[in-house]
Each structure stands twice: as C-alpha cells, then as structure tokens.
file structure.txt (compact mmCIF, C-alpha atoms)
# COMPACT_ATOMS: atom_id res chain seq x y z
CA MET O 7 48.79 -33.60 -59.31
CA THR O 8 52.47 -34.41 -59.14
CA ASP O 9 53.94 -34.73 -62.63
CA ILE O 10 53.02 -32.54 -65.56
CA ASN O 11 53.91 -33.80 -69.02
CA VAL O 12 55.04 -30.82 -71.08
CA LEU O 13 54.08 -32.38 -74.38
CA SER O 14 50.50 -33.03 -73.44
CA THR O 15 50.01 -29.65 -71.84
CA THR O 16 50.43 -28.03 -75.26
CA GLN O 17 47.73 -30.03 -76.98
CA LYS O 18 44.95 -27.78 -78.10
CA ILE O 19 41.61 -28.57 -79.63
CA PHE O 20 40.29 -25.83 -81.86
CA VAL O 21 36.55 -25.94 -82.45
CA ASP O 22 35.36 -23.99 -85.47
CA PRO O 23 32.43 -21.91 -84.18
CA VAL O 24 30.70 -22.13 -87.55
CA SER O 25 31.16 -25.72 -88.72
CA ALA O 26 31.86 -27.33 -85.29
CA SER O 27 34.76 -29.19 -86.89
CA VAL O 28 37.83 -29.66 -84.74
CA SER O 29 41.56 -29.45 -85.22
CA VAL O 30 44.01 -30.84 -82.72
CA VAL O 31 47.27 -28.96 -82.52
CA ARG O 32 50.34 -30.19 -80.68
CA GLN O 33 53.41 -28.16 -80.01
CA GLY O 34 56.34 -30.31 -79.00
CA ILE O 35 59.58 -29.48 -77.32
CA GLY O 36 61.91 -27.79 -79.76
CA GLY O 37 59.35 -27.44 -82.50
CA SER O 38 55.79 -27.01 -83.46
CA ASP O 39 53.42 -29.25 -85.33
CA SER O 40 51.19 -26.41 -86.26
CA GLY O 41 53.13 -23.18 -86.31
CA GLY O 42 50.59 -21.29 -84.31
CA GLY O 43 47.73 -21.33 -81.93
CA GLY O 44 44.20 -20.15 -82.11
CA GLY O 45 42.54 -17.20 -80.55
CA SER O 46 39.24 -16.71 -78.84
CA ASP O 47 37.94 -15.08 -82.01
CA GLY O 48 38.01 -18.38 -83.85
CA TYR O 49 41.15 -17.93 -85.93
CA SER O 50 44.12 -20.26 -85.72
CA PHE O 51 46.36 -17.53 -87.10
CA LYS O 52 46.12 -13.75 -87.29
CA GLN O 53 49.05 -12.38 -89.27
CA ASP O 54 49.89 -10.73 -92.57
CA THR O 55 51.87 -13.63 -94.05
CA LYS O 56 50.88 -17.18 -94.91
CA PRO O 57 51.35 -19.49 -91.90
CA ASN O 58 53.49 -22.59 -92.38
CA GLY O 59 53.01 -26.16 -91.26
CA THR O 60 49.25 -26.17 -91.05
CA ILE O 61 46.60 -28.85 -90.72
CA THR O 62 43.24 -29.14 -92.41
CA GLY O 63 40.56 -27.01 -90.86
CA GLN O 64 42.77 -24.35 -89.40
CA THR O 65 41.80 -20.77 -90.16
CA TRP O 66 43.89 -17.72 -90.94
CA TYR O 67 42.87 -14.09 -90.84
CA ASN O 68 45.12 -11.97 -93.03
CA THR O 69 45.61 -8.79 -91.02
CA ALA O 70 46.87 -6.95 -94.09
CA THR O 71 43.91 -7.59 -96.37
CA GLY O 72 41.08 -8.50 -94.03
CA GLN O 73 40.53 -11.82 -95.83
CA SER O 74 39.80 -15.11 -94.07
CA PHE O 75 41.18 -18.46 -95.20
CA VAL O 76 40.85 -22.08 -94.23
CA TRP O 77 43.62 -24.66 -94.83
CA PHE O 78 42.21 -27.35 -97.08
CA ASP O 79 44.01 -30.07 -99.00
CA GLY O 80 47.31 -28.25 -99.00
CA PHE O 81 46.02 -24.77 -99.87
CA TRP O 82 44.73 -21.71 -98.13
CA VAL O 83 41.18 -21.34 -99.43
CA GLU O 84 39.40 -18.05 -98.88
CA THR O 85 36.21 -18.37 -96.90
CA ALA O 86 33.06 -16.40 -97.52
CA PRO O 87 33.36 -12.91 -96.04
CA GLY O 88 32.01 -12.86 -92.54
CA ALA O 89 31.91 -16.65 -92.21
CA ILE O 90 34.35 -16.71 -89.34
CA ASN O 91 34.06 -13.58 -87.28
CA THR O 92 35.32 -11.24 -89.97
CA PRO O 93 36.30 -8.13 -88.07
CA PRO O 94 33.89 -5.27 -88.70
CA GLU O 95 36.72 -3.01 -89.83
CA ALA O 96 36.95 -5.20 -92.92
CA GLN O 97 33.36 -4.38 -93.83
CA PRO O 98 32.75 -1.90 -96.62
CA ILE O 99 30.09 0.77 -96.57
CA GLN O 100 26.80 -0.88 -95.66
CA ALA O 101 23.46 0.41 -96.87
CA PHE O 102 19.80 -0.49 -96.66
CA SER O 103 16.73 0.63 -98.56
CA ASN O 104 13.14 -0.49 -98.29
CA ASP O 105 10.52 0.14 -100.98
CA ALA O 106 7.47 -1.00 -99.05
CA ASN O 107 4.56 1.42 -98.72
CA TRP O 108 4.31 2.68 -95.18
CA GLY O 109 1.12 4.64 -95.83
CA ALA O 110 0.03 7.63 -93.78
CA ALA O 111 0.85 8.72 -90.26
CA SER O 112 -1.26 10.85 -87.99
CA GLY O 113 0.76 9.56 -85.07
CA THR O 114 3.65 7.15 -85.07
CA VAL O 115 4.30 4.69 -87.85
CA VAL O 116 7.06 2.11 -87.64
CA LEU O 117 8.55 2.03 -91.11
CA PRO O 118 8.56 -1.39 -92.77
CA GLY O 119 11.73 -3.41 -92.93
CA SER O 120 14.87 -3.57 -90.86
CA ALA O 121 18.51 -4.32 -91.39
CA THR O 122 21.11 -6.10 -89.29
CA PHE O 123 24.68 -5.01 -89.76
CA PRO O 124 27.86 -5.89 -87.84
CA VAL O 125 29.62 -2.95 -86.23
CA LYS O 126 32.89 -2.63 -84.36
CA GLY O 127 33.09 -1.20 -80.89
CA GLY O 128 34.99 2.08 -80.74
CA GLN O 129 34.82 2.54 -84.49
CA PRO O 130 33.01 5.75 -85.49
CA TYR O 131 30.47 5.36 -88.28
CA LEU O 132 28.80 8.05 -90.35
CA PHE O 133 25.08 7.32 -90.58
CA GLU O 134 23.10 8.89 -93.40
CA PHE O 135 19.37 8.45 -93.16
CA TRP O 136 16.69 9.41 -95.65
CA VAL O 137 12.90 9.29 -95.65
CA PRO O 138 10.96 10.87 -98.53
CA THR O 139 7.66 12.32 -97.28
CA ARG O 140 4.80 14.54 -98.26
CA ASN O 141 1.87 16.17 -96.54
CA GLY O 142 -1.38 14.36 -96.36
CA VAL O 143 -4.88 15.77 -96.13
CA ALA O 144 -4.04 18.47 -93.62
CA THR O 145 -3.14 21.93 -94.72
CA SER O 146 -0.08 21.79 -92.56
CA ALA O 147 1.86 19.10 -90.80
CA SER O 148 5.06 18.55 -88.93
CA TRP O 149 6.86 15.32 -88.47
CA THR O 150 10.04 13.70 -87.29
CA ALA O 151 11.76 10.52 -88.40
CA HIS O 152 14.10 8.42 -86.29
CA LEU O 153 16.66 5.77 -87.08
CA PHE O 154 17.08 3.29 -84.24
CA ALA O 155 20.03 1.06 -83.37
CA ASP O 156 18.79 -1.80 -81.19
CA GLY O 157 15.81 0.34 -80.28
CA VAL O 158 17.77 3.47 -79.38
CA SER O 159 17.40 6.53 -81.59
CA ILE O 160 20.70 7.55 -83.11
CA CYS O 161 19.59 9.66 -86.03
CA LEU O 162 16.93 12.31 -86.27
CA ALA O 163 15.39 13.98 -89.31
CA ILE O 164 12.94 16.82 -88.92
CA GLU O 165 10.72 18.41 -91.52
CA ASN O 166 8.09 21.00 -90.82
CA GLY O 167 5.79 20.64 -93.73
CA THR O 168 3.93 23.34 -95.54
CA TYR O 169 1.15 21.84 -97.58
CA ILE O 170 1.74 21.67 -101.28
CA ALA O 171 -0.37 19.15 -103.11
CA ASN O 172 1.64 16.02 -103.80
CA GLU O 173 4.85 17.80 -102.96
CA ARG O 174 7.55 15.42 -101.93
CA VAL O 175 10.17 16.32 -99.40
CA SER O 176 13.29 14.31 -98.89
CA MET O 177 14.14 14.16 -95.23
CA PHE O 178 17.79 13.63 -94.71
CA ALA O 179 20.00 13.48 -91.67
CA GLY O 180 23.52 12.46 -90.89
CA VAL O 181 25.16 11.63 -87.62
CA VAL O 182 28.37 10.04 -86.40
CA TRP O 183 27.75 7.16 -84.00
CA THR O 184 30.34 5.00 -82.26
CA PRO O 185 29.11 1.61 -81.04
CA PRO O 186 30.41 0.72 -77.57
CA ALA O 187 31.24 -2.90 -78.47
CA ASP O 188 31.51 -5.36 -81.35
CA LYS O 189 28.07 -6.67 -82.14
CA SER O 190 25.37 -7.11 -84.73
CA VAL O 191 22.97 -4.21 -84.55
CA VAL O 192 19.35 -4.26 -85.69
CA PHE O 193 18.42 -0.98 -87.36
CA THR O 194 14.81 0.16 -87.60
CA ALA O 195 13.06 3.47 -88.23
CA ASP O 196 9.82 5.26 -87.52
CA ILE O 197 8.09 8.49 -88.41
CA VAL O 198 6.05 10.56 -86.01
CA ALA O 199 3.53 13.13 -87.18
CA SER O 200 3.17 15.67 -84.39
CA ALA O 201 0.61 17.68 -86.35
CA GLY O 202 -1.50 16.94 -89.39
CA THR O 203 -0.93 13.89 -91.50
CA VAL O 204 2.15 12.88 -93.33
CA GLN O 205 2.33 10.14 -95.89
CA MET O 206 4.60 8.60 -98.43
CA ALA O 207 4.89 5.34 -100.30
CA ALA O 208 8.52 5.59 -101.19
CA PRO O 209 11.74 3.97 -100.02
CA TRP O 210 13.44 4.87 -96.82
CA GLY O 211 16.94 3.82 -96.04
CA PHE O 212 20.26 4.54 -94.48
CA SER O 213 23.92 3.87 -94.92
CA LEU O 214 26.74 3.54 -92.45
CA THR O 215 30.26 4.40 -93.42
CA PRO O 216 33.24 3.50 -91.23
CA LEU O 217 35.30 6.61 -90.60
CA ASN O 218 39.05 6.52 -90.77
CA THR O 219 41.30 7.05 -87.79
CA ALA O 220 41.51 10.77 -88.42
CA GLY O 221 37.77 10.95 -87.94
CA VAL O 222 37.22 11.87 -91.55
CA GLY O 223 34.38 10.21 -93.34
CA LEU O 224 34.97 8.09 -96.35
CA PRO O 225 32.99 9.74 -99.11
CA THR O 226 29.59 8.54 -100.13
CA TYR O 227 29.18 8.40 -103.86
CA GLU O 228 25.49 9.08 -104.20
CA PRO O 229 25.17 12.65 -105.53
CA ARG O 230 22.88 14.84 -103.55
CA ALA O 231 21.74 18.42 -103.77
CA VAL O 232 22.23 21.07 -101.11
CA THR O 233 20.38 24.38 -101.42
CA THR O 234 20.44 25.77 -97.92
CA GLY O 235 22.99 26.69 -95.32
CA PHE O 236 25.09 29.20 -97.20
CA VAL O 237 25.78 32.19 -94.95
CA ALA O 238 26.70 35.58 -96.40
CA SER O 239 29.19 37.69 -94.47
CA THR O 240 28.50 41.18 -93.23
CA GLY O 241 28.40 43.53 -96.21
CA TYR O 242 27.15 40.82 -98.59
CA THR O 243 23.94 39.02 -99.41
CA ALA O 244 23.54 35.60 -101.00
CA ALA O 245 20.78 34.13 -103.15
CA ASN O 246 20.05 31.18 -105.40
CA PHE O 247 22.53 28.87 -103.70
CA GLN O 248 22.76 25.48 -105.37
CA ALA O 249 25.32 22.76 -104.74
CA THR O 250 25.77 19.12 -105.56
CA VAL O 251 28.09 16.88 -103.60
CA CYS O 252 29.31 13.50 -104.79
CA GLY O 253 31.93 11.87 -102.64
CA SER O 254 34.39 14.60 -101.79
CA LEU O 255 33.66 16.62 -104.93
CA VAL O 256 31.45 19.67 -104.55
CA THR O 257 30.21 21.94 -107.29
CA PHE O 258 28.16 25.02 -106.54
CA ARG O 259 26.82 28.37 -107.59
CA VAL O 260 25.61 31.29 -105.52
CA ASP O 261 24.69 34.86 -106.33
CA ILE O 262 26.69 37.17 -104.07
CA ALA O 263 25.83 40.85 -103.93
CA ARG O 264 27.95 43.48 -102.28
CA THR O 265 25.86 45.70 -99.95
CA GLY O 266 28.69 47.22 -97.98
CA ALA O 267 31.14 49.91 -98.98
CA LEU O 268 32.35 49.90 -102.55
CA ILE O 269 35.38 47.74 -103.27
CA THR O 270 37.63 48.82 -106.14
CA GLY O 271 40.29 46.80 -107.86
CA HIS O 272 43.84 48.16 -108.00
CA SER O 273 44.31 50.36 -111.04
CA VAL O 274 47.02 48.09 -112.45
CA THR O 275 46.74 44.66 -110.83
CA GLY O 276 43.07 44.56 -109.87
CA ASN O 277 44.05 43.38 -106.42
CA VAL O 278 41.70 43.98 -103.49
CA THR O 279 42.03 43.30 -99.79
CA ASP O 280 41.01 39.72 -99.23
CA GLU O 281 37.85 39.29 -97.21
CA VAL O 282 35.29 36.58 -96.66
CA MET O 283 32.13 37.03 -98.69
CA GLY O 284 30.30 33.98 -97.40
CA THR O 285 30.61 30.49 -95.92
CA MET O 286 29.49 27.14 -97.29
CA PRO O 287 27.18 24.96 -95.16
CA ALA O 288 28.94 22.58 -92.79
CA GLU O 289 28.05 19.46 -94.77
CA LEU O 290 30.01 20.83 -97.73
CA ARG O 291 33.17 21.36 -95.73
CA GLY O 292 35.88 18.78 -95.24
CA ASN O 293 39.43 18.21 -94.12
CA ASN O 294 41.12 19.81 -97.11
CA THR O 295 42.94 22.97 -96.04
CA PHE O 296 44.32 23.84 -99.48
CA ILE O 297 42.61 26.80 -101.09
CA GLN O 298 40.97 26.29 -104.48
CA PRO O 299 39.88 28.94 -106.98
CA VAL O 300 36.32 29.99 -107.66
CA VAL O 301 35.21 32.71 -110.05
CA GLY O 302 32.49 35.20 -110.74
CA VAL O 303 31.24 34.11 -114.14
CA ASN O 304 29.37 37.22 -115.17
CA LEU O 305 31.54 39.95 -116.58
CA PRO O 306 33.54 41.91 -115.72
CA PHE O 307 35.45 39.57 -113.40
CA LEU O 308 35.81 38.35 -109.85
CA GLY O 309 38.78 36.48 -108.48
CA ALA O 310 38.11 34.46 -105.35
CA TYR O 311 39.03 31.25 -103.61
CA ILE O 312 37.46 28.76 -101.22
CA THR O 313 39.04 27.03 -98.25
CA PRO O 314 37.26 23.65 -98.07
CA SER O 315 38.06 23.03 -94.42
CA THR O 316 36.35 26.25 -93.32
CA GLY O 317 34.00 26.69 -96.27
CA THR O 318 34.88 30.36 -96.56
CA ILE O 319 34.88 32.12 -99.95
CA GLN O 320 37.21 35.09 -100.10
CA ILE O 321 37.39 37.80 -102.69
CA THR O 322 40.95 38.43 -103.97
CA SER O 323 40.74 40.52 -107.11
CA LEU O 324 38.64 42.46 -109.60
CA LEU O 325 39.59 43.85 -112.96
CA PRO O 326 41.84 46.93 -112.69
CA GLY O 327 39.69 49.81 -111.64
CA GLU O 328 36.53 47.67 -111.45
CA SER O 329 34.26 48.45 -108.53
CA PHE O 330 32.03 45.99 -106.65
CA GLY O 331 29.12 47.15 -104.57
CA PRO O 332 26.22 49.56 -104.61
CA ALA O 333 26.52 51.89 -107.58
CA GLY O 334 29.67 50.03 -108.64
CA THR O 335 30.36 48.55 -112.04
CA THR O 336 29.11 45.28 -110.61
CA THR O 337 26.65 44.79 -107.76
CA THR O 338 26.24 41.01 -107.96
CA PHE O 339 28.51 38.18 -109.06
CA ILE O 340 27.37 34.71 -109.93
CA VAL O 341 30.07 32.82 -108.06
CA MET O 342 30.75 29.30 -109.24
CA GLY O 343 33.31 26.69 -108.44
CA THR O 344 34.17 23.06 -107.98
CA TYR O 345 36.36 21.88 -105.14
CA ILE O 346 37.55 18.81 -103.29
CA LYS O 347 36.41 19.00 -99.69
CA ASP O 348 38.19 15.87 -98.39
CA PHE O 349 41.62 14.80 -99.42
CA MET E 18 48.83 -35.38 -88.83
CA SER E 19 45.54 -36.78 -87.64
CA ASN E 20 43.10 -35.28 -85.19
CA GLU E 21 43.95 -37.44 -82.22
CA ILE E 22 44.56 -36.71 -78.59
CA ILE E 23 47.60 -38.28 -76.97
CA VAL E 24 47.40 -39.19 -73.30
CA HIS E 25 50.61 -40.13 -71.52
CA LYS E 26 50.08 -42.79 -68.91
CA GLY E 27 51.29 -42.02 -65.42
CA ARG E 28 51.43 -38.32 -66.17
CA THR E 29 49.04 -35.44 -65.66
CA ASN E 30 47.66 -34.48 -69.06
CA ILE E 31 46.22 -31.05 -69.78
CA VAL E 32 44.44 -30.17 -73.00
CA SER E 33 42.92 -26.82 -73.83
CA VAL E 34 39.84 -26.49 -76.02
CA ASP E 35 39.21 -23.25 -77.90
CA PHE E 36 35.59 -22.83 -78.94
CA GLY E 37 36.08 -19.37 -80.38
CA ILE E 38 32.86 -18.18 -78.77
CA ASP E 39 31.69 -17.26 -75.28
CA VAL E 40 30.89 -20.47 -73.41
CA SER E 41 30.67 -19.00 -69.93
CA ASP E 42 27.01 -20.04 -69.63
CA SER E 43 27.74 -23.69 -70.42
CA VAL E 44 28.61 -26.73 -68.32
CA PHE E 45 30.93 -29.28 -69.88
CA THR E 46 31.69 -32.92 -69.22
CA SER E 47 34.04 -35.18 -71.14
CA GLU E 48 34.80 -38.88 -71.03
CA ILE E 49 37.14 -41.31 -72.75
CA ARG E 50 35.56 -44.62 -73.70
CA SER E 51 36.85 -47.64 -75.53
CA GLN E 52 34.53 -47.17 -78.50
CA PRO E 53 32.79 -44.09 -79.98
CA ASP E 54 29.50 -44.82 -78.20
CA GLN E 55 28.07 -44.28 -74.75
CA ALA E 56 27.62 -48.00 -74.07
CA SER E 57 31.28 -48.89 -74.30
CA THR E 58 33.69 -49.17 -71.39
CA LEU E 59 34.54 -45.94 -69.57
CA ILE E 60 38.30 -45.49 -69.45
CA ALA E 61 38.64 -42.08 -67.82
CA THR E 62 36.76 -38.87 -67.15
CA TRP E 63 38.34 -35.50 -67.82
CA GLN E 64 38.21 -32.86 -65.13
CA VAL E 65 36.78 -29.78 -66.91
CA GLY E 66 37.30 -26.13 -66.04
CA PHE E 67 37.58 -22.71 -67.59
CA GLU E 68 40.90 -21.01 -68.11
CA THR E 69 39.28 -17.74 -67.01
CA ASP E 70 35.48 -17.61 -66.94
CA GLY E 71 34.67 -19.13 -70.30
CA SER E 72 33.96 -15.84 -72.00
CA ASP E 73 37.18 -16.26 -73.93
CA GLY E 74 36.01 -19.64 -75.22
CA ILE E 75 38.83 -21.55 -73.54
CA VAL E 76 38.07 -24.75 -71.64
CA ILE E 77 40.77 -26.77 -69.87
CA LEU E 78 40.63 -30.56 -69.67
CA THR E 79 42.78 -32.27 -67.07
CA LEU E 80 43.52 -35.95 -66.38
CA ASP E 81 45.45 -36.47 -63.17
CA ASP E 82 48.47 -38.75 -63.15
CA LEU E 83 46.76 -40.95 -60.54
CA ILE E 84 44.09 -41.71 -63.13
CA THR E 85 46.29 -42.07 -66.20
CA GLY E 86 48.63 -44.35 -64.28
CA GLN E 87 45.90 -46.95 -64.06
CA ILE E 88 44.87 -46.92 -67.73
CA LYS E 89 45.57 -50.22 -69.48
CA SER E 90 44.05 -49.43 -72.87
CA LEU E 91 46.07 -48.43 -75.93
CA SER E 92 43.39 -46.30 -77.52
CA GLY E 93 39.94 -44.87 -77.01
CA PHE E 94 37.55 -42.11 -78.05
CA MET E 95 36.46 -38.88 -76.45
CA ASP E 96 34.08 -36.02 -77.02
CA MET E 97 32.53 -33.29 -74.91
CA LYS E 98 29.00 -32.68 -73.76
CA ARG E 99 27.92 -29.10 -73.47
CA VAL E 100 24.85 -28.20 -71.41
CA THR E 101 23.33 -24.75 -71.75
CA ASP E 102 19.98 -23.91 -70.16
CA THR E 103 19.18 -27.64 -69.81
CA GLU E 104 19.80 -28.19 -73.52
CA VAL E 105 22.50 -30.74 -74.30
CA PHE E 106 24.77 -30.01 -77.23
CA ALA E 107 27.66 -31.77 -78.86
CA ALA E 108 30.73 -29.62 -78.43
CA TRP E 109 32.03 -30.58 -81.87
CA ASP E 110 31.14 -32.70 -84.84
CA GLY E 111 32.31 -36.16 -83.73
CA PRO E 112 34.42 -38.24 -81.32
CA LEU E 113 38.17 -37.80 -81.35
CA GLU E 114 40.53 -40.73 -81.22
CA VAL E 115 42.66 -40.99 -78.11
CA THR E 116 46.01 -42.75 -78.06
CA PHE E 117 47.47 -43.78 -74.74
CA LYS E 118 51.24 -43.80 -74.62
CA GLY E 119 53.39 -45.49 -72.07
CA THR E 120 56.05 -43.60 -70.16
CA VAL E 121 59.49 -44.71 -68.98
CA THR E 122 60.63 -42.64 -66.06
CA VAL E 123 59.25 -43.84 -62.76
call {"tool": "encode", "arguments": {"input": "structure.txt", "output": "structure tokens"}}
result
Amino acid sequence: MTDINVLSTTQKIFVDPVSASVSVVRQGIGGSDSGGGGGSDGYSFKQDTKPNGTITGQTWYNTATGQSFVWFDGFWVETAPGAINTPPEAQPIQAFSNDANWGAASGTVVLPGSATFPVKGGQPYLFEFWVPTRNGVATSASWTAHLFADGVSICLAIENGTYIANERVSMFAGVVWTPPADKSVVFTADIVASAGTVQMAAPWGFSLTPLNTAGVGLPTYEPRAVTTGFVASTGYTAANFQATVCGSLVTFRVDIARTGALITGHSVTGNVTDEVMGTMPAELRGNNTFIQPVVGVNLPFLGAYITPSTGTIQITSLLPGESFGPAGTTTTFIVMGTYIKDF
Amino acid sequence: MSNEIIVHKGRTNIVSVDFGIDVSDSVFTSEIRSQPDQASTLIATWQVGFETDGSDGIVILTLDDLITGQIKSLSGFMDMKRVTDTEVFAAWDGPLEVTFKGTVTV
C-alpha cells in the first residue's frame, strides 16, 4: 500500500452482539461524527455522562449507575438489564430455590434443578447454601451436601444425623468464592449419604452476594437462627445460647455463669475489672469495631458490652457491693443484647 | 447520518469492525457488489484480518489503493460472511451501502 486516507481509516462498523444490527461511525479530521468509539464489550460508550452526537443503534453503559442505554429516535432508551453484556458488578444479590422433591439418598443424589448466574472474575462472592434434611429409615445417618460451580464443589454442608422421627435439620453453609474470570456459571448441588438413609422433600437453594472492596459482605436479609458456637471464657460457663441475625443486626441471649473467683462491684461505683466472659460465634461477628452495650436482665444488675468485630462480651460493672460467682449474690446472668455487626 | 461506508478511490481504505464478542475462531470474507445480491457484479474484495487475534472482536478490512484506483462505480453494497466450524453466518443483519468518492491529488 502506498497512500492511506486518514478519513477512511477511522470508519468503524459496530455490530451489536445481541441484535446483529450495525452502526457505522466516522471520525473526520478536526471533529467527530459520533463522539466516541465502541469497545470489545459491545458498548459504543462507557462513561458516567450522556454522550453527545450519537447515531441510532449505538449503546452506552453508564459507569455511575450500571444502566445500559441504546440511542433511539433522539433519546437514550434504557435496555433490559443484562441485554448487552451488563457487567456482573451491576448485578444485585442473586438467589435460587428449588421445591422439587429429591426423595431419599442412600448414596449420592443430584438435587433437582440448577441455576445459571453471571459472575465477575476477581469479584469475591459470599455463597450461602441450604438443604433441609431428615433421617430416613436408619437409626443413624450421616450425610454431606455440596454446591457445585461448573461441576466443581465450592460449598460444603455437613450434618451428622441422630435419628429423631420426622425431625428436620436445616443444613447451612457459607463460603466466599472468587471466580477467576467473567462468565456465566451453572450451579448445581448434590447430597451424599455416607451412612444410613437421608431424605427430604423440601426446597434447597443458595444465594450469592457480591462483597464490597473491603471484603465485607453485603448483608442478607433473611433472618436465621444461630444456637451454637458461643464460647465461654475461662472462669465462666454458657448455656441456652440463642441468636437471630437479619442483615447486620444481631439479637441474642445467653446464660453466663461465673465459676471462677468471686467478682465484687466497687462499693460506690459498682465498677469491676473488665474481662471477657465469652465470645460470639464467627458468623455473628462483623467489621464493626465500636463497642455496644449488653445487659444482664435478671436482677440485681450486670453491665457489659460487646465488640462486634471480635464478638467478645466483657463485664464492666455490677451494682455497688454486688458479687458475681459461686456463693455470690448472683451466680448466673441472663445476658441479652442487640448489636450491629457490620457498619 | 446513514449507515454507509465511504470508499475513496485511488486511496487505501481501512475499516474496522467491532463485533463485541470473541471471533477468533471465525474466518471472514467480504465483498462489494453493485447490488445487494450475490449475482450482481463484483466491484472489489476486502482483505480481512484481525487487529490482534480476534478475541477482542475487532476485524480489520482493507482495500488497497491499487484496487480502489480502478473502481468506476459510484455506489455498491457490502456485507461480511463469517464461517465458524463450517457453518456460514451473516456477520450482521443486512448489506451496507457503499459510496465511492473520487479523489483529487494525484
């Protein structure tokens, strides 16, 4: 080739990967017919303001809002979400549930149903996976459930069953998984009975929540109960732990008894040396480092606080002269509180 | 502004095509004919290549100045044929008009 015409070298044909319609864009010397070019992701424009000087069929991805638009008859018209390579980071929480009866398992049963969700490479997602189960005819059973992403197990839920007639057990597991690349992932699940028989005719499902850049999960708003995982510190025992978590809000109660040396409140202020009485389970901790008050609700009185980021509950005060421990005025407090674990 | 391709006679013309999807496994051909049908007179054939490897969806069409210098027509039509795994696809939804423009400088 000898001569290259500058005008013609800037002609571009944009082919919409969805509709196969085309737009020809020319950028001339000293100006532009279109105001922008297209990218390999199918958008003519990717910016946070409305492009100018457009032609019918061009597409614009608003980087500020995550919305997609197509220029039609003089207006930017929003397209259906996901119609033109909507980036996965614009996706909300995605969830799946299947009500089909999967019967009984004395080996491996692939659970009915599957879901295909788009995910973004490098974006961490919190996966929460649930499978209600119960024992079958055996007097004991043990089983494991898996959630698969494109055939690879990413989430594991284990329940060692003890036979109780018609008792239902909700298996639940959570895991953070980061896909290596942008793609649509097919999610499936199975349940494997390693002993006995396990059966259930109830829904299984999962949700995936994109985590923010700080690695903190966006809250899920389905309340759930937590009754295990509370750990009493040396010198204390804990019983009857009950908690409910909804989003970042946790409310709980736990009976804490002092078994160590007697603690006595200051004769005037009631102050005691702060110490950790127990620690909340990991799933009820968050990123909030601000302490929040909890109380002993049975009289006389307990002053205490929780640090949501560590889950520790520390005693701070009693009534003046009140003693806590064996042979004290109080041996056990019913400790209750509500706190915000993520903020 | 209409969807037309302008070809300058006597000049090398380069047009990029953005498919927005990975086309690295495809083979493309493209012709300009006098009418929007295969039976009409062939005016010119684009030389087709990838800008990189096609995974970015970018295909480059080139008409050498030796070819465009011999074009007598004022207009024509073009499209692209995409072949993937022996299947033949239309690259887009219909032929594009082509306008041939004369040039002045020898």
call {"tool": "closest_residue", "arguments": {"input": "structure.txt", "among": "E:Asn20, E:Ser72, E:Thr46, E:Ser41", "to": "Met97 of chain E", "atoms": "only C-alpha atoms"}}
result
E:Thr46
call {"tool": "residues_near_point", "arguments": {"input": "structure.txt", "point": "(36.3, 31.6, -98.5)", "cutoff": "7 Å", "atoms": "all atoms listed in the file", "output": "list in words"}}
result
Val282, Met283, Gly284, Thr285, Tyr311, Ile312, Thr313, Gly317, Thr318, Ile319 and Gln320 of chain O
call {"tool": "atom_distance", "arguments": {"input": "structure.txt", "atom1": "atom CA of Ile60 of chain E", "atom2": "atom CA of Gly74 of chain E"}}
result
26.6 Å
call {"tool": "closest_residue", "arguments": {"input": "structure.txt", "among": "E:Val32, E:Glu114, E:Ile38, E:Ala61", "to": "Lys89 of chain E", "atoms": "all atoms listed in the file"}}
result
E:Ala61
call {"tool": "closest_atom_pairs", "arguments": {"input": "structure.txt", "of": "chain E", "to": "chain O", "cutoff": "6 Å", "atoms": "only C-alpha atoms", "output": "JSON lines"}}
result
{"residue": "E:Asn20", "atom": "CA", "partner": "O:Val30", "partner_atom": "CA", "distance": 5.2}
{"residue": "E:Arg28", "atom": "CA", "partner": "O:Asp9", "partner_atom": "CA", "distance": 5.6}
{"residue": "E:Thr29", "atom": "CA", "partner": "O:Ile10", "partner_atom": "CA", "distance": 4.9}
{"residue": "E:Asn30", "atom": "CA", "partner": "O:Ser14", "partner_atom": "CA", "distance": 5.4}
{"residue": "E:Ile31", "atom": "CA", "partner": "O:Thr15", "partner_atom": "CA", "distance": 4.5}
{"residue": "E:Val32", "atom": "CA", "partner": "O:Gln17", "partner_atom": "CA", "distance": 5.2}
{"residue": "E:Ser33", "atom": "CA", "partner": "O:Lys18", "partner_atom": "CA", "distance": 4.8}
{"residue": "E:Val34", "atom": "CA", "partner": "O:Ile19", "partner_atom": "CA", "distance": 4.5}
{"residue": "E:Asp35", "atom": "CA", "partner": "O:Phe20", "partner_atom": "CA", "distance": 4.8}
{"residue": "E:Phe36", "atom": "CA", "partner": "O:Val21", "partner_atom": "CA", "distance": 4.8}
{"residue": "E:Gly37", "atom": "CA", "partner": "O:Gly48", "partner_atom": "CA", "distance": 4.1}
{"residue": "E:Asp73", "atom": "CA", "partner": "O:Ser46", "partner_atom": "CA", "distance": 5.3}
{"residue": "E:Gly74", "atom": "CA", "partner": "O:Ser46", "partner_atom": "CA", "distance": 5.7}
{"residue": "E:Asp81", "atom": "CA", "partner": "O:Met7", "partner_atom": "CA", "distance": 5.9}
{"residue": "E:Trp109", "atom": "CA", "partner": "O:Ala26", "partner_atom": "CA", "distance": 4.7}
{"residue": "E:Asp110", "atom": "CA", "partner": "O:Ala26", "partner_atom": "CA", "distance": 5.4}
call {"tool": "closest_residue", "arguments": {"input": "structure.txt", "among": "O:Thr257, O:Ser103, O:Thr335, O:Thr234", "to": "Pro287 of chain O", "atoms": "only C-alpha atoms"}}
result
O:Thr234
call {"tool": "closest_residue", "arguments": {"input": "structure.txt", "among": "O:Asp196, O:Glu134, O:Glu328, O:Glu281", "to": "Trp183 of chain O", "atoms": "all atoms listed in the file"}}
result
O:Glu134
call {"tool": "residues_around", "arguments": {"input": "structure.txt", "residues": "Ser112 of chain O", "least_positions_apart": "2", "cutoff": "8 Å", "atoms": "all atoms listed in the file", "output": "ChimeraX atom specification"}}
result
/O:110,114,198-204
call {"tool": "atom_distance", "arguments": {"input": "structure.txt", "atom1": "atom CA of Lys347 of chain O", "atom2": "atom CA of Arg259 of chain O"}}
result
15.6 Å
call {"tool": "atom_distance", "arguments": {"input": "structure.txt", "atom1": "atom CA of Gln129 of chain O", "atom2": "atom CA of Thr184 of chain O"}}
result
5.6 Å
call {"tool": "residues_around", "arguments": {"input": "structure.txt", "residues": "Ser90 of chain E", "least_positions_apart": "3", "cutoff": "12 Å", "atoms": "all atoms listed in the file", "output": "PyMOL selection string"}}
result
chain E and resi 24-26+49-52+58-61+85-87+93-94+115-119
call {"tool": "closest_residue", "arguments": {"input": "structure.txt", "among": "E:Ile84, E:Val100, E:Ile75, E:Leu113", "to": "Asp54 of chain E", "atoms": "only C-alpha atoms"}}
result
E:Leu113
call {"tool": "residues_near_point", "arguments": {"input": "structure.txt", "point": "(28.4, -5.8, -79.7)", "cutoff": "9 Å", "atoms": "all atoms listed in the file", "output": "count of residues only"}}
result
11
call {"tool": "axis_aligned_box", "arguments": {"input": "structure.txt", "around": "segment 334-344 of chain O", "padding_each_side": "5 Å", "output": "JSON"}}
result
{"center_x": 30.2, "center_y": 36.5, "center_z": -109.9, "size_x": 17.9, "size_y": 37.0, "size_z": 14.3}
call {"tool": "residues_around", "arguments": {"input": "structure.txt", "residues": "Cys161 of chain O", "least_positions_apart": "2", "cutoff": "6 Å", "atoms": "all atoms listed in the file", "output": "number ranges by chain"}}
result
O: 152-153, 159
